[in-house]
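Quick notes on the structure that follows.
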Amino acid sequence: MVGIGSTLDGRRTLMEVGLGRREPDLCLLNGRLLNVYSGEILEAQQILVSGKRIAYVGPAERQPGSETEVIDVERAFLVPGFVDAHAHVDFFANPLTLAPFLLASGTTALMADPHDAVGALGSRILEILVEMTRDLPLKFFFSVPVATPPLPEIEGEPVLTVEEVEKWLRRPEMRAISEVTPWPRIISGDEDLLRKFEVARRLERRIEGHTPGASYEKLNALVAAGLTSCHEAINAREARDRLRLGLHVMLRHGSIRQDLEHLAELVAGEPSVDTARLMLTPDWMDPPSILERGYMDSLVRAAVEQGIRPMIAIQMATVNPARYLGLDAEIGGIAPGRLADILVVDDLREVMPRLVIANGRIVARDGESLIEQPSLPAEALRLAWLPHRVLPRSVEARDFEVRSPGLADWITVPAIHIVDRTITERQDVSLPIRNGHIRLADDSDVLKIALLNADLPGFRTAFLTGLGARVGGLASSLAHEPHRPMVIGRREKDMALAFQRMQELGGGLVLAHDGRLLSEIPLPIGGVMSVEPLGVLAGQIVRMNELLQDMGCHLDNPVFTIGFLTFSTLPWIRLTPQGLRDVKEGRIVWPASAS
């Protein structure tokens with residue numbers, strides 16, 4: 001955390017070690033130092049560590065004493081620990097289960113955006129997240145949600161007021177305002193958001209942008225309003241536009257989108273571009289991908305594969321994000337006074353650390369974590385869901401029936417059509433009417449999709465195409481951004497069965513078909529986070545994805561895609577508590593009745 005070991009006495013100790021008047025606790029010998037400040041690789045370097053911090057970096061001028069732990073790295077590269085300036089660690093996995101795996105692959109600091117957890121459970125979960133991660137060798141910093149939920153007129157009032165945002169931003173762990181997904185609200189001069197931005201500017205905190213689809217003219221206005229970064233560029237042109245306007249640009253490559261092939265052209269194709277304001281981020285990495293590929297190390301590898309020089313790629317994963325967060329005096333490089341976050345790496349193109357040092361001690365070796373995982377705070381499992389998410393006492397098949405507004409035999413209605421992992425579009429579908437209710441045709445791939453509506457109790461039920469899997473029922477409490485429980489399916493009885501089981505679990509995802517429960521992913525921390533070890537959780541996700549794919553789904557990660565069908569600020573049509581919303585037009589196009 002900021003200021004660890006930075007007392008006057010601590011600084012005097014570091015000076016004495018560096019001057020040879022006092023023995024270090026740890027000495028790394030015979031390393032090739034990747035100096036992210038000068039852009040050089042320096043041979044035959046020695047690093048002396050006292051406590052949690054670096055005391056000396058340079059040629060080996062003396063032999064350490066008998067009390068010093070000495071590690072001869074045998075000409076391996078000494079690389080700063082990786083820093084992720086935009087992480088999501090609050091859905092599916094929880095931070096404590098993630099930390100050992102992120103550390104083992106070389107990530108030693110991150111800024112977490114907790115808008116999902118806060119949107120589901122309120123500000124108390126933010127306090128719990130801060131406390132549960134405070135003493136970990138993986139340093140957690142946080143951003144403060146200001147647009148949760150994104151659309152107050154549709155999804156409910158903001159969870160945090162201006163006064164609460166200021167209280168949180170005054171804390172040293174809080175480095176920014178969380179990504180502001182409803183950027184059209186900024187363009188329209190939204191008073192609540194602009195007042196929160198003013199607080200962040202006054203306290204010298206960053207303001208995270210989320211600007212997919214914004215024109216160059218609107219980007220100008222968004223930067224003028226105070227945005228300091230964006231991670232939503234999907235090609236080199238969009239990244240360059242944002243860079244030209246003074247934004248810090250995060251090149252995203254993770255489980256949400258993988259665009260580095262196109263984004264890397266900004267750097268690999270233009271050697272003269274200034275990369276100081278460029279960073280790498282996964283945005284979010286799902287548990288199976290972390291276990292298979294690692295975390296920030298996988299982005300550095302991908303960047304190098306796309307033609308970016310290893311030095312530049314590593315700078316974008318170390319010193320650049322540290323500077324962006326205002327933490328470069330603490331992390332992001334290997335230099336005196338910095339926290340001793342050091343990776344011992346044999347190959348700069350692979351950057352797979354054989355040794356990870358964080359806060360001056362060895363925390364991982366050969367990809368295996370050496371730290372003991374703390375217990376999850378009991379309070380995290382007892383937090384009450386926010387009122388807008390409270391589940392109905394009982395759910396029956398008839399709750400998902402949709403009355404017809406007319407008397408014809410058929411009706412044409414707008415539906416969400418899944419285009420890819422995150423993008424949707426409107427598709428009008430014709431459906432039969434029987435006994436006054438809209439039914440699903442036997443030969444179509446149309447599903448119902450229902451969300452706990454704006455006026456409890458009951459559901460807003462609309463229609464969905466493009467999933468491919470003709471599931472009976474799939475219920476989820478993980479529905480960005482309203483986090484109201486959601487269920488999709490073809491058979492109302494299966495939809496009710498899945499929903500009821502999800503209630504019993506205290507939240508999660510449940511797949512039911514033909515009257516049987518087939519698969520579940522329990523998320524008992526507010527319906528957004530698991531308590532299981534990462535390997536167990538990854539297995540649950542893979543199992544449900546495989547079942548959906550066996551049923552005809554063409555998506556590579558349908559569990560993830562389903563959760564984004566309610567993300568009300570992404571293109572182009574989404575389900576909200578008031579019905580289907582056309583995002584571009586900003587209006588409700590299907591106000592389905594509850595029953």
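Convention: chains lettered A, B, ... in structure tokens order; per-chain residue numbering from 1; ligands numbered from 1 as shown.
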
(Q) If DSSP is run on the backbone, what residues of range 54-102 of chain A are alpha helix (DSSP H)? A reply as JSON, numbers by chain would be ideal. (A) {"A": [95, 96, 97, 98, 99, 100, 101, 102]}

Would you mind exporting the chosen residues as a short mmCIF file (atom, residue, chain, number, x, y, z; two decimals), in the first residue's frame, restricted to C-alpha atoms?
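Result file follows (result_23.cif):
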```cif
data_model
loop_
_atom_site.label_atom_id
_atom_site.label_comp_id
_atom_site.auth_asym_id
_atom_site.auth_seq_id
_atom_site.Cartn_x
_atom_site.Cartn_y
_atom_site.Cartn_z
CA PRO A 95 -9.77 -11.23 -4.98
CA LEU A 96 -8.39 -13.71 -2.45
CA THR A 97 -8.68 -16.67 -4.81
CA LEU A 98 -7.20 -14.66 -7.68
CA ALA A 99 -4.19 -13.23 -5.85
CA PRO A 100 -1.95 -16.35 -5.76
CA PHE A 101 -2.37 -16.97 -9.49
CA LEU A 102 -1.80 -13.37 -10.50
#
```

Residues near Ile125 in chain A, anyone? I mean within 10 Å using only C-alpha atoms, not counting same-chain ones fewer than 2 positions away, as a short mmCIF file (atom, residue, chain, number, x, y, z; two decimals) with C-alpha atoms, in the first residue's frame.
```cif
data_model
loop_
_atom_site.label_atom_id
_atom_site.label_comp_id
_atom_site.auth_asym_id
_atom_site.auth_seq_id
_atom_site.Cartn_x
_atom_site.Cartn_y
_atom_site.Cartn_z
CA ASP A 90 -15.24 -8.72 -8.31
CA PRO A 114 -15.37 -2.72 -8.14
CA ALA A 117 -19.76 -5.63 -6.51
CA VAL A 118 -20.79 -2.15 -5.40
CA GLY A 119 -23.71 -2.15 -7.82
CA ALA A 120 -24.87 -5.43 -6.33
CA LEU A 121 -24.12 -4.92 -2.64
CA GLY A 122 -23.50 -1.24 -1.99
CA SER A 123 -20.53 0.58 -0.47
CA GLU A 127 -14.86 -1.55 2.51
CA ILE A 128 -14.65 -5.34 2.77
CA LEU A 129 -12.66 -5.60 -0.48
CA VAL A 130 -10.17 -3.03 0.79
CA GLU A 131 -9.76 -4.76 4.13
CA GLU A 379 -19.27 -10.75 6.57
CA ALA A 380 -18.84 -11.01 2.81
CA LEU A 383 -24.16 -8.85 3.13
CA ILE A 525 -21.03 -13.46 -2.27
CA GLY A 526 -23.91 -11.23 -3.25
#
```

Q | Exercise: range 225-241 of chain A partners within 7 Å, only C-alpha atoms, chain neighbours under 4 positions left out, as number ranges by chain | A | A: 197, 206-212, 221, 245, 247-252, 259, 262-266

Q: Find the residues around Thr566 in chain A up to 7 Å (only C-alpha atoms counted), leave out those fewer than 6 positions away in its own chain, and share them as a VMD selection string.
A: chain A and resid 479 to 481 574 to 576

Leaving out range 31-46 of chain A and any residue of its chain fewer than 5 positions from it, which residues lie within 9 Å of it when counting only C-alpha atoms, given as a PDB file with C-alpha atoms, in the first residue's frame?
```pdb
ATOM      1  CA  TYR A  56      20.751  -0.337  -4.128  1.00  0.00           C
ATOM      2  CA  VAL A  57      20.790  -1.098  -7.863  1.00  0.00           C
ATOM      3  CA  GLY A  58      24.050  -1.278  -9.799  1.00  0.00           C
ATOM      4  CA  PRO A  59      27.323  -3.124 -10.278  1.00  0.00           C
ATOM      5  CA  ALA A  60      28.300  -5.664  -7.625  1.00  0.00           C
ATOM      6  CA  GLU A  61      30.814  -3.746  -5.505  1.00  0.00           C
ATOM      7  CA  ASP A  72      22.515 -15.784  -7.971  1.00  0.00           C
ATOM      8  CA  VAL A  73      20.115 -15.351 -10.908  1.00  0.00           C
ATOM      9  CA  GLU A  74      22.802 -16.505 -13.382  1.00  0.00           C
ATOM     10  CA  ARG A  75      22.348 -13.743 -15.988  1.00  0.00           C
ATOM     11  CA  ALA A  76      18.559 -13.981 -15.969  1.00  0.00           C
ATOM     12  CA  PHE A  77      16.679 -10.757 -16.613  1.00  0.00           C
ATOM     13  CA  LEU A  78      15.489  -8.701 -13.652  1.00  0.00           C
ATOM     14  CA  VAL A  79      12.132  -7.206 -14.585  1.00  0.00           C
ATOM     15  CA  PRO A  80       9.744  -5.020 -12.516  1.00  0.00           C
ATOM     16  CA  MET A 311      11.262  -3.270 -23.666  1.00  0.00           C
ATOM     17  CA  ILE A 312       8.250  -1.262 -24.867  1.00  0.00           C
ATOM     18  CA  ILE A 314       7.195  -4.371 -20.523  1.00  0.00           C
ATOM     19  CA  GLN A 315       7.114  -0.597 -20.004  1.00  0.00           C
ATOM     20  CA  THR A 318       5.031  -1.685 -15.484  1.00  0.00           C
ATOM     21  CA  VAL A 319       6.183   1.919 -15.323  1.00  0.00           C
ATOM     22  CA  GLY A 332       6.577   0.005 -11.641  1.00  0.00           C
ATOM     23  CA  GLY A 333      10.374  -0.066 -11.772  1.00  0.00           C
ATOM     24  CA  ILE A 334      13.513  -1.376 -10.128  1.00  0.00           C
ATOM     25  CA  ALA A 335      15.199   1.556  -8.397  1.00  0.00           C
ATOM     26  CA  VAL A 344      13.449 -13.187 -12.471  1.00  0.00           C
TER      27      VAL A 344
END
```

Q: Point out the residue among A:Leu29, A:Val70, A:Leu222, A:Val83 with the least atom-to-atom distance to Ser188 in chain A, counting only C-alpha atoms.
A: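 Looking at the shortest contact to Ser188 in chain A, the residue is A:Leu222.
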
Q) Do you know which residues are at most 10 Å from Gly65 in chain A counting only C-alpha atoms, after dropping those on the same chain fewer than 5 positions away, and could you put them as an MDAnalysis selection string? A) chainID A and resid 22:25 27 70

Q: Identify which of the residues A:Asn557, A:Thr107, A:Asn453, A:Gln63 lies closest to Gly294 in chain A, counting only C-alpha atoms when measuring atom-to-atom distances.
A: A:Thr107
